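Chemist: Below is one structure. I have some questions about it.
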Amino acid sequence: MKSVLRTGAVLAALAAQASCVQMETVEAWDRGYLAEDTMQWETDARSARLKGHVYTSKEASTGGAGAAGGGCGCN
Amino acid sequence: MGGPATLVIAPPEGRGTTAASLVGAVESRLATLERRYSRYLADSLVSTINRAAGGGDFTRLDPESEALLEIADQLWQSSGGLFDITSGVLRKAWRFDAAKAPVDLSQLETLQKKVGWDKVERTSEGVYLPIKGMEIDLGGLVKEYAADCAVRLLRDQGVTSGLIELAGDVATIGCQPSGVPWQVAIRAPQGGEPLGGIALSNAAAATSGNYARTLRFAGRTYGHLLNPHTGWPVEGPTSVTVIGENCLSAGAVSTIACLQSPEAAMVWLSEAGLPWLMIDRNAGYSGPLASELDLSAL
Amino acid sequence: MNPLRSNSAFLRSLTRTLATLPAYQAAATLADAPPAFTEVGVRYSHYSEDDIDASSVIFGATSRYDIDITQLWIEAPVGASWSVALDVQNDYQTGASPWFVGTDQNGEPGVIMSGASIQDNRVEVGVATRYFWADGNAGLNVSRSDEDDYEALSMAFDASWNTAGNTRTWTTSVSNSRDKVNPTQGVIPVFVSDEALDTQSGYFGVSQILSRTAIVRVGLNYTYSDGYLSDPYKLNDQRPQSHERIALSTGYRHFLIDANASIQFDYRYYADSWGVDSHTVELGWAQHFERTTLTPYFRYYSQREADFFEVVADLTEPHFADDYRLSSYGAMTLGARWAINLGDWTFELEGERYWSDANWGLYDGDSAPALVDFWRGTMAIIWRFD
């Protein structure tokens with residue numbers, strides 16, 4: 001777990017850096033492309049949940065971009 | 001506003017608005033501005049202000065008109081008095097279409113007493129033109145303001161691709177539906193083939209110039225812009241095109257440039273800091289846009 | 001520096017004056033708002049594992065799991081700032097699974113499969129509500145899952161808020177799940193009853209708009225479980241009573257204007273207290289057509305075996321497992337999603353194929369004979385109206 005904690009510390013440092021980075025300003029009316037459904041983190045929350053559920057029950061890893069949800073006796 | 005208008009809109013998806021309804025909304029907005037600010041319509045605000053000249057009464061202003069007059073004041077100050085919305089009356093002494101003597105000098109002298117933005121009184125009561133016969137003309141400013149209003153209206157409706165052109169000034173929203181920026185042609189002063197095209201995306205291009213109506217008098221060619229101090233047409237560049245975030249800003253810079261000599265205009269344009277193209281009276285090109293358009297500089 | 005914004009004194013003062021006119025004021029920043037329409041949807045998926053290689057089986061049938069998953073939902077805005085959703089999911093599962101791994105007469109490991117096929121039905125019902133304000137939104141989700149041998153009650157809370165002119169979004173979530181395991185005596189003899197486990201999980205992440213066509217995000221997830229964590233249907237399975245996991249994830253989306261397509265990239269690094277590490281990379285190309293979108297995608301996964309995993313479990317150790325899902329292996333998925341939008345209706349079709357192999361991983365380890373390949377097909381119909 002030591003490498004885990006080290007990774008966590010690096011990430012925390014990166015997040016702190018993120019607040020200092022100046023990014024290109026994109027006007028509210030110029031967000032058309034970003035609003036496309038294929039530009040979202042999940043095109044559809046439910047279908048992403050289904051996919052995640054399948055992999056979680058067949059692999060040893062969980063988690064990703066959200067807190068783990070409900071449980072099941074998936075074997 | 002008296003000039004050709006072109007409107008190109010790609011209606012936003014899934015919003016239930018059609019191109020026709022958007023065009024209708026824009027036309028309605030432009031018509032409202034015309035009714036309010038046109039000096040040709042007897043019951044417009046501008047005509048009301050002009051009729052009250054010398055009568056002693058102030059004309060009340062709404063916030064929009066107040067802001068437009070404030071802009072006119074700023075342009076007057078920044079241009080050393082060359083941009084003056086009271087100078088329109090001087091045109092009565094000049095006849096650009098007549099075969100007779102183009103200027104009536106005694107009339108010009110009389111009219112000059114009625115010119116001067118510094119004479120205009122603005123208080124919380126409104127605005128008052130103290131000399132009978134004084135007139136203000138917001139035509140130039142309102143045309144550019146109208147293009148910006150149309151853009152704002154379309155954006156609020158979710159339009160992400162559109163173009164509006166009013167008598168030579170262009171404002172754009174986003175890019176063309178194909179994803180390529182809007183291509184705006186720069187007209188050559190003598191007509192014929194355009195000089196080139198500039199790519200606009202969420203930008204406006206305003207062109208001012210002395211090429212539309214010209215007059216030859218005593219061996220020189222004059223444009224229709226008049227110098228408020230002398231009453232005579234300005235010996236300025238043939239045309240100036242400026243690109244800015246909005247039409248009014250771009251137009252302010254280009255108009256003030258055209259009221260000066262080409263040498264002074266170049267200094268003004270460089271200091272203003274927006275991309276510009278100037279065509280001087282010898283058809284020489286200068287400015288950052290000249291190299292973009294591959295025009296030879298003199 | 002925007003070339004259309006000049007710093008000259010003239011333009012600065014002109015811009016200040018223009019700012020008094022509504023036409024020049026910045027458009028209202030996109031406030032977070034509930035969906036403008038009500039959505040009702042149904043999604044059906046069929047998941048089917050390949051038969052296990054006969055040569056890997058010492059005893060038992062070769063067919064493995066087949067699962068039918070049906071999801072039904074309705075999500076609607078309530079007033080100007082809220083939305084509610086109801087989700088119902090049904091999983092119907094049949095098939096056999098590995099019971100334990102032994103050695104055949106040649107000393108080679110082989111799988112003893114569970115006897116006859118099982119039949120198991122699970123129903124999950126979830127209720128969620130979400131609140132929206134100008135700079136963010138927050139949601140609460142409660143769900144209950146029931147099947148013959150397992151029940152779970154979970155609750156999750158999440159919140160996100162925008163900063164930096166709405167170019168940066170911070171997200172956090174926490175969840176809790178209480179599960180009860182009561183394995184059914186059936187085709188496989190079981191030796192436990194009435195066990196329970198608790199899971200707590202938290203996530204923190206940030207997403208940043210890089211340009212009008214690109215966005216990136218990074219996040220960290222921590223999960224802690226304790227209680228009965230072993231698999232009661234596996235003969236040789238004794239796992240620790242606690243499990244700590246972290247997952248570090250990052251993602252990138254880029255819209256290619258000329259191609260009218262989006263590039264989708266996601267990466268996750270996972271590590272836990274059982275010694276498992278993994279890397280997951282997902283790549284998608286979402287191609288837009290006039291009213292359809294086609295998104296082929298690829299996924300690569302590689303995991304390191306758990307500390308206590310052995311191909312044939314070592315029963316002398318305090319913890320042991322021969323579950324292939326805890327072995328070292330790599331896996332690849334090739335899939336595609338196709339969606340068509342017709343006014344208020346959306347239809348989706350998705351299919352993917354998953355292959356796993358001990359030699360495809362980045363980590364060393366012995367190859368578990370029961371590694372699975374599967375395919376999944378999904379179709380969905382969604383109706384949106386207001």
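By convention in this document, the chains of the structure tokens carry letters A, B, ... by their order, each chain's residues are numbered from 1, and ligands are numbered from 1 in the order they are shown.
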Compute the set of chain C residues within 6 Å of chain B, using only C-alpha atoms, and express it as a list in words.

Modeler: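 The answer, sorted by residue number, is Leu4, Ser6, Ser8 and Ala23 of chain C.
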
Chemist: Compile the contact shell of Leu283 (chain C) as an MDAnalysis selection string: residues with an atom at most 8 Å away, counting only C-alpha atoms, same-chain residues fewer than 3 positions apart removed.

Modeler: chainID C and resid 263:266 297:299

Chemist: Let's have the selection written as a short mmCIF file (atom, residue, chain, number, x, y, z; two decimals), in the first residue's frame, with C-alpha atoms.

Modeler:
```cif
data_model
loop_
_atom_site.label_atom_id
_atom_site.label_comp_id
_atom_site.auth_asym_id
_atom_site.auth_seq_id
_atom_site.Cartn_x
_atom_site.Cartn_y
_atom_site.Cartn_z
CA ILE C 263 -11.75 11.11 -29.09
CA GLN C 264 -12.43 9.50 -25.73
CA PHE C 265 -9.56 8.38 -23.52
CA ASP C 266 -9.72 7.04 -19.96
CA TYR C 297 -14.03 1.36 -28.65
CA PHE C 298 -11.14 -0.63 -27.30
CA ARG C 299 -10.25 -1.50 -23.72
#
```

Chemist: Tell me, counting only C-alpha atoms, for each residue of chain B within 8 Å of chain A, which pair of atoms is nearest and how far apart they are in Å to one decimal, in rows ordered by chain and increasing number, as a tab-separated table.

Modeler:
```
residue	atom	partner	partner_atom	distance
B:Arg155	CA	A:Trp29	CA	6.7
B:Gly158	CA	A:Trp29	CA	7.7
B:Thr160	CA	A:Gly32	CA	6.9
B:Gly174	CA	A:Asp30	CA	7.2
```

Chemist: Limited to C-alpha atoms, could you put the picked residues into a file as a PDB file, in the first residue's frame?

Modeler:
```pdb
ATOM      1  CA  ARG B 155     -26.788  33.802 -28.951  1.00  0.00           C
ATOM      2  CA  GLY B 158     -28.761  29.186 -28.509  1.00  0.00           C
ATOM      3  CA  THR B 160     -23.864  28.831 -32.283  1.00  0.00           C
ATOM      4  CA  GLY B 174     -19.134  30.703 -34.222  1.00  0.00           C
TER       5      GLY B 174
END
```

Chemist: Determine, counting only C-alpha atoms, which protein, DNA and RNA residues have an atom within 12 Å of an atom of Asp44 (chain A); residues of the same chain fewer than 5 positions away are not included. Present the result as number ranges by chain.

Modeler: A: 37-39, 49-51; C: 41, 43, 337, 339, 346, 348, 380, 382

Chemist: May I have the selected residues written with N, CA and C atoms, as an mmCIF file, in the first residue's frame?

Modeler:
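The resulting file, result.cif, is reproduced below:
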```cif
data_model
loop_
_atom_site.group_PDB
_atom_site.id
_atom_site.type_symbol
_atom_site.label_atom_id
_atom_site.label_comp_id
_atom_site.auth_asym_id
_atom_site.auth_seq_id
_atom_site.Cartn_x
_atom_site.Cartn_y
_atom_site.Cartn_z
ATOM 1 N N ASP A 37 -22.945 15.115 -26.640
ATOM 2 C CA ASP A 37 -23.055 13.978 -25.718
ATOM 3 C C ASP A 37 -21.803 13.104 -25.751
ATOM 4 N N THR A 38 -21.108 13.071 -26.882
ATOM 5 C CA THR A 38 -19.909 12.224 -26.948
ATOM 6 C C THR A 38 -18.711 12.864 -26.265
ATOM 7 N N MET A 39 -18.882 14.117 -25.804
ATOM 8 C CA MET A 39 -17.794 14.794 -25.093
ATOM 9 C C MET A 39 -17.995 14.710 -23.581
ATOM 10 N N ARG A 49 -22.891 2.533 -16.028
ATOM 11 C CA ARG A 49 -23.013 1.740 -14.805
ATOM 12 C C ARG A 49 -23.084 0.256 -15.142
ATOM 13 N N LEU A 50 -23.800 -0.066 -16.205
ATOM 14 C CA LEU A 50 -23.941 -1.460 -16.622
ATOM 15 C C LEU A 50 -22.583 -2.029 -17.010
ATOM 16 N N LYS A 51 -21.862 -1.281 -17.841
ATOM 17 C CA LYS A 51 -20.542 -1.726 -18.283
ATOM 18 C C LYS A 51 -19.641 -1.940 -17.091
ATOM 19 N N GLY C 41 -36.894 5.157 -20.075
ATOM 20 C CA GLY C 41 -36.067 4.307 -20.921
ATOM 21 C C GLY C 41 -36.108 2.854 -20.508
ATOM 22 N N ARG C 43 -33.590 -0.718 -21.219
ATOM 23 C CA ARG C 43 -32.365 -1.226 -21.826
ATOM 24 C C ARG C 43 -32.296 -2.709 -21.538
ATOM 25 N N ARG C 337 -20.723 1.094 -30.236
ATOM 26 C CA ARG C 337 -22.023 1.590 -29.824
ATOM 27 C C ARG C 337 -22.592 2.399 -30.975
ATOM 28 N N ALA C 339 -25.963 4.806 -31.985
ATOM 29 C CA ALA C 339 -27.150 5.462 -31.444
ATOM 30 C C ALA C 339 -27.784 6.292 -32.531
ATOM 31 N N THR C 346 -34.757 7.920 -28.877
ATOM 32 C CA THR C 346 -33.371 7.530 -29.147
ATOM 33 C C THR C 346 -33.294 6.020 -29.072
ATOM 34 N N GLU C 348 -30.515 2.754 -29.182
ATOM 35 C CA GLU C 348 -29.087 2.452 -29.080
ATOM 36 C C GLU C 348 -28.847 0.963 -29.221
ATOM 37 N N ALA C 380 -31.282 -0.378 -26.400
ATOM 38 C CA ALA C 380 -32.018 0.527 -25.532
ATOM 39 C C ALA C 380 -32.960 1.394 -26.344
ATOM 40 N N ILE C 382 -35.105 4.978 -25.629
ATOM 41 C CA ILE C 382 -35.284 6.070 -24.669
ATOM 42 C C ILE C 382 -36.243 7.088 -25.254
#
```

Chemist: Per residue of chain C within 6 Å of chain A, note the shortest atom pair and the distance in Å to one decimal, counting only C-alpha atoms, and order the rows by chain and increasing residue number, as a Markdown table.

Modeler:
```
| residue | atom | partner | partner_atom | distance |
| --- | --- | --- | --- | --- |
| C:Thr29 | CA | A:Ala28 | CA | 5.6 |
| C:Tyr150 | CA | A:Gly73 | CA | 5.8 |
| C:Ala152 | CA | A:Gly71 | CA | 5.7 |
| C:Ser154 | CA | A:Gly70 | CA | 5.0 |
| C:Ser173 | CA | A:Ala67 | CA | 5.8 |
| C:Val174 | CA | A:Ala67 | CA | 5.9 |
| C:Ser177 | CA | A:Gly70 | CA | 5.9 |
| C:Ser201 | CA | A:Ala67 | CA | 5.5 |
| C:Gly202 | CA | A:Ala67 | CA | 5.2 |
| C:Tyr203 | CA | A:Ala67 | CA | 5.1 |
| C:Leu210 | CA | A:Met23 | CA | 5.9 |
| C:Ser211 | CA | A:Glu24 | CA | 5.8 |
| C:Arg212 | CA | A:Val26 | CA | 5.9 |
| C:Thr213 | CA | A:Tyr33 | CA | 5.8 |
| C:Ala247 | CA | A:Gly63 | CA | 5.8 |
| C:Ser249 | CA | A:Gly64 | CA | 5.7 |
| C:Arg253 | CA | A:Met39 | CA | 5.7 |
| C:Arg325 | CA | A:Glu59 | CA | 5.2 |
| C:Leu326 | CA | A:Ala60 | CA | 5.9 |
```

Chemist: Would you mind exporting C-alpha atoms of the selected residues as a PDB file, in the first residue's frame?

Modeler:
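Result went into result09.pdb, see below:
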```pdb
ATOM      1  CA  THR C  29     -23.035  31.645 -17.398  1.00  0.00           C
ATOM      2  CA  TYR C 150     -27.870 -11.800  -1.175  1.00  0.00           C
ATOM      3  CA  ALA C 152     -27.826  -5.095  -0.173  1.00  0.00           C
ATOM      4  CA  SER C 154     -26.845   1.270  -0.355  1.00  0.00           C
ATOM      5  CA  SER C 173     -19.063  11.576  -3.573  1.00  0.00           C
ATOM      6  CA  VAL C 174     -19.428   9.191  -0.666  1.00  0.00           C
ATOM      7  CA  SER C 177     -23.467  -0.281   1.383  1.00  0.00           C
ATOM      8  CA  SER C 201     -16.378   4.537  -0.532  1.00  0.00           C
ATOM      9  CA  GLY C 202     -15.324   8.087  -1.287  1.00  0.00           C
ATOM     10  CA  TYR C 203     -14.312   9.919  -4.422  1.00  0.00           C
ATOM     11  CA  LEU C 210      -8.820  23.112 -21.722  1.00  0.00           C
ATOM     12  CA  SER C 211     -10.284  24.752 -24.811  1.00  0.00           C
ATOM     13  CA  ARG C 212     -13.548  24.923 -26.704  1.00  0.00           C
ATOM     14  CA  THR C 213     -12.893  21.361 -27.843  1.00  0.00           C
ATOM     15  CA  ALA C 247      -8.259   3.878  -7.829  1.00  0.00           C
ATOM     16  CA  SER C 249      -8.368   7.759 -12.734  1.00  0.00           C
ATOM     17  CA  ARG C 253     -12.139  14.160 -24.344  1.00  0.00           C
ATOM     18  CA  ARG C 325     -10.573 -13.196 -11.029  1.00  0.00           C
ATOM     19  CA  LEU C 326      -7.706 -12.786  -8.546  1.00  0.00           C
TER      20      LEU C 326
END
```

Chemist: Using backbone DSSP assignments, extract all strand (DSSP E) residues from region 51-197 of chain C; output them as a CSV table (one decimal) with C-alpha atoms, in the first residue's frame.

Modeler:
```
chain,number,residue,atom,x,y,z
C,57,VAL,CA,-12.0,-29.1,-17.0
C,58,ILE,CA,-11.5,-32.0,-14.7
C,59,PHE,CA,-15.1,-32.5,-13.9
C,66,ASP,CA,-25.5,-16.4,-19.4
C,67,ILE,CA,-27.2,-13.3,-17.9
C,68,ASP,CA,-30.2,-11.3,-19.1
C,69,ILE,CA,-30.2,-7.8,-17.7
C,70,THR,CA,-33.2,-5.5,-18.0
C,71,GLN,CA,-33.1,-1.9,-16.9
C,72,LEU,CA,-36.1,0.4,-16.7
C,73,TRP,CA,-36.0,4.0,-15.6
C,74,ILE,CA,-37.8,7.3,-15.4
C,75,GLU,CA,-36.1,10.6,-14.7
C,76,ALA,CA,-38.0,13.9,-14.5
C,77,PRO,CA,-37.4,17.5,-13.5
C,78,VAL,CA,-39.3,18.8,-10.5
C,82,TRP,CA,-34.8,19.5,-8.7
C,83,SER,CA,-35.0,16.2,-10.5
C,84,VAL,CA,-36.0,12.7,-9.4
C,85,ALA,CA,-35.3,9.3,-10.8
C,86,LEU,CA,-36.6,5.8,-10.3
C,87,ASP,CA,-34.5,2.9,-11.6
C,88,VAL,CA,-35.4,-0.8,-11.6
C,89,GLN,CA,-33.0,-3.5,-12.8
C,90,ASN,CA,-33.5,-7.2,-13.1
C,91,ASP,CA,-30.7,-9.7,-13.7
C,92,TYR,CA,-31.5,-13.3,-14.6
C,93,GLN,CA,-28.6,-15.5,-14.4
C,94,THR,CA,-28.1,-19.2,-15.5
C,95,GLY,CA,-25.1,-21.4,-16.0
C,98,PRO,CA,-15.9,-22.9,-11.3
C,99,TRP,CA,-16.2,-24.5,-7.9
C,100,PHE,CA,-12.5,-25.1,-7.3
C,101,VAL,CA,-9.2,-25.8,-9.1
C,102,GLY,CA,-7.6,-29.2,-8.6
C,103,THR,CA,-4.8,-31.2,-10.3
C,109,PRO,CA,-4.3,-27.8,-12.8
C,110,GLY,CA,-7.9,-28.2,-13.9
C,111,VAL,CA,-11.3,-26.8,-13.0
C,112,ILE,CA,-14.0,-28.7,-11.2
C,113,MET,CA,-17.2,-26.9,-12.3
C,118,ILE,CA,-28.0,-22.4,-11.4
C,119,GLN,CA,-30.9,-20.1,-11.8
C,120,ASP,CA,-30.7,-16.8,-10.0
C,121,ASN,CA,-32.8,-13.7,-10.3
C,122,ARG,CA,-31.8,-10.3,-8.8
C,123,VAL,CA,-33.9,-7.2,-8.6
C,124,GLU,CA,-32.5,-3.8,-7.8
C,125,VAL,CA,-34.6,-0.7,-7.1
C,126,GLY,CA,-33.1,2.7,-6.7
C,127,VAL,CA,-34.5,6.1,-6.0
C,128,ALA,CA,-32.5,9.3,-6.6
C,129,THR,CA,-33.0,13.0,-6.3
C,130,ARG,CA,-30.8,15.8,-7.4
C,131,TYR,CA,-30.7,19.5,-6.5
C,132,PHE,CA,-29.3,22.1,-8.9
C,133,TRP,CA,-28.1,25.6,-8.2
C,136,GLY,CA,-23.4,23.1,-9.2
C,137,ASN,CA,-25.6,20.2,-8.3
C,138,ALA,CA,-25.9,17.5,-5.6
C,139,GLY,CA,-27.6,14.2,-5.5
C,140,LEU,CA,-28.7,11.5,-3.1
C,141,ASN,CA,-29.3,7.9,-4.2
C,142,VAL,CA,-30.7,5.0,-2.2
C,143,SER,CA,-31.0,1.6,-3.7
C,144,ARG,CA,-31.9,-1.9,-2.6
C,145,SER,CA,-30.8,-5.1,-4.2
C,146,ASP,CA,-32.4,-8.5,-3.6
C,147,GLU,CA,-31.7,-12.0,-4.7
C,150,TYR,CA,-27.9,-11.8,-1.2
C,151,GLU,CA,-29.4,-8.5,-0.2
C,152,ALA,CA,-27.8,-5.1,-0.2
C,153,LEU,CA,-28.9,-1.6,0.9
C,154,SER,CA,-26.8,1.3,-0.4
C,155,MET,CA,-26.9,5.0,-0.1
C,156,ALA,CA,-24.7,7.5,-2.0
C,157,PHE,CA,-24.3,11.2,-1.9
C,158,ASP,CA,-22.5,13.3,-4.6
C,159,ALA,CA,-21.9,16.9,-5.2
C,160,SER,CA,-20.2,18.9,-8.0
C,161,TRP,CA,-19.5,22.6,-8.2
C,162,ASN,CA,-18.0,24.9,-10.9
C,163,THR,CA,-15.3,27.4,-10.4
C,168,ARG,CA,-13.4,23.8,-13.7
C,169,THR,CA,-15.7,21.3,-12.0
C,170,TRP,CA,-15.0,19.7,-8.7
C,171,THR,CA,-16.8,16.5,-7.8
C,172,THR,CA,-17.0,14.5,-4.6
C,173,SER,CA,-19.1,11.6,-3.6
C,174,VAL,CA,-19.4,9.2,-0.7
C,175,SER,CA,-21.3,6.0,-0.5
C,176,ASN,CA,-22.1,3.2,1.9
C,177,SER,CA,-23.5,-0.3,1.4
C,178,ARG,CA,-24.6,-2.9,3.9
C,179,ASP,CA,-24.8,-6.4,2.4
C,180,LYS,CA,-26.1,-9.7,3.8
C,181,VAL,CA,-25.0,-13.0,2.3
C,195,GLU,CA,-22.9,-13.3,6.8
C,196,ALA,CA,-22.6,-9.6,6.4
C,197,LEU,CA,-20.3,-7.1,4.9
```

Chemist: Find the spatial neighbours of Lys114 (chain B), counting only C-alpha atoms, within a cut-off of 10 Å - ignore same-chain residues fewer than 6 positions away - and output them as a PyMOL selection string.

Modeler: chain B and resi 86-90+129-135

Chemist: For N, CA and C atoms, I'd like the residues from the last selection saved as a PDB file, in the first residue's frame.

Modeler:
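Final file, result-v2.pdb:
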```
ATOM      1  N   THR B  86     -22.944  65.886 -34.224  1.00  0.00           N
ATOM      2  CA  THR B  86     -23.721  67.071 -34.578  1.00  0.00           C
ATOM      3  C   THR B  86     -23.290  67.634 -35.925  1.00  0.00           C
ATOM      4  N   SER B  87     -22.283  66.997 -36.536  1.00  0.00           N
ATOM      5  CA  SER B  87     -21.715  67.570 -37.763  1.00  0.00           C
ATOM      6  C   SER B  87     -22.537  67.251 -38.999  1.00  0.00           C
ATOM      7  N   GLY B  88     -23.592  66.478 -38.833  1.00  0.00           N
ATOM      8  CA  GLY B  88     -24.384  66.088 -39.990  1.00  0.00           C
ATOM      9  C   GLY B  88     -24.997  67.244 -40.759  1.00  0.00           C
ATOM     10  N   VAL B  89     -25.325  68.337 -40.059  1.00  0.00           N
ATOM     11  CA  VAL B  89     -25.977  69.465 -40.744  1.00  0.00           C
ATOM     12  C   VAL B  89     -25.102  70.092 -41.826  1.00  0.00           C
ATOM     13  N   LEU B  90     -23.798  69.900 -41.701  1.00  0.00           N
ATOM     14  CA  LEU B  90     -22.897  70.488 -42.676  1.00  0.00           C
ATOM     15  C   LEU B  90     -23.136  69.942 -44.076  1.00  0.00           C
ATOM     16  N   LEU B 129     -30.302  70.296 -27.272  1.00  0.00           N
ATOM     17  CA  LEU B 129     -29.481  70.965 -28.274  1.00  0.00           C
ATOM     18  C   LEU B 129     -29.817  72.458 -28.199  1.00  0.00           C
ATOM     19  N   PRO B 130     -28.879  73.295 -27.758  1.00  0.00           N
ATOM     20  CA  PRO B 130     -29.212  74.677 -27.401  1.00  0.00           C
ATOM     21  C   PRO B 130     -29.474  75.622 -28.577  1.00  0.00           C
ATOM     22  N   ILE B 131     -29.010  75.271 -29.789  1.00  0.00           N
ATOM     23  CA  ILE B 131     -29.161  76.199 -30.919  1.00  0.00           C
ATOM     24  C   ILE B 131     -30.183  75.647 -31.902  1.00  0.00           C
ATOM     25  N   LYS B 132     -31.122  76.500 -32.296  1.00  0.00           N
ATOM     26  CA  LYS B 132     -32.110  76.067 -33.265  1.00  0.00           C
ATOM     27  C   LYS B 132     -31.424  75.638 -34.540  1.00  0.00           C
ATOM     28  N   GLY B 133     -31.818  74.493 -35.047  1.00  0.00           N
ATOM     29  CA  GLY B 133     -31.194  73.986 -36.273  1.00  0.00           C
ATOM     30  C   GLY B 133     -30.109  72.964 -36.006  1.00  0.00           C
ATOM     31  N   MET B 134     -29.696  72.817 -34.736  1.00  0.00           N
ATOM     32  CA  MET B 134     -28.728  71.763 -34.398  1.00  0.00           C
ATOM     33  C   MET B 134     -29.404  70.406 -34.569  1.00  0.00           C
ATOM     34  N   GLU B 135     -28.623  69.442 -35.010  1.00  0.00           N
ATOM     35  CA  GLU B 135     -29.150  68.088 -35.193  1.00  0.00           C
ATOM     36  C   GLU B 135     -28.123  67.073 -34.733  1.00  0.00           C
TER      37      GLU B 135
END
```
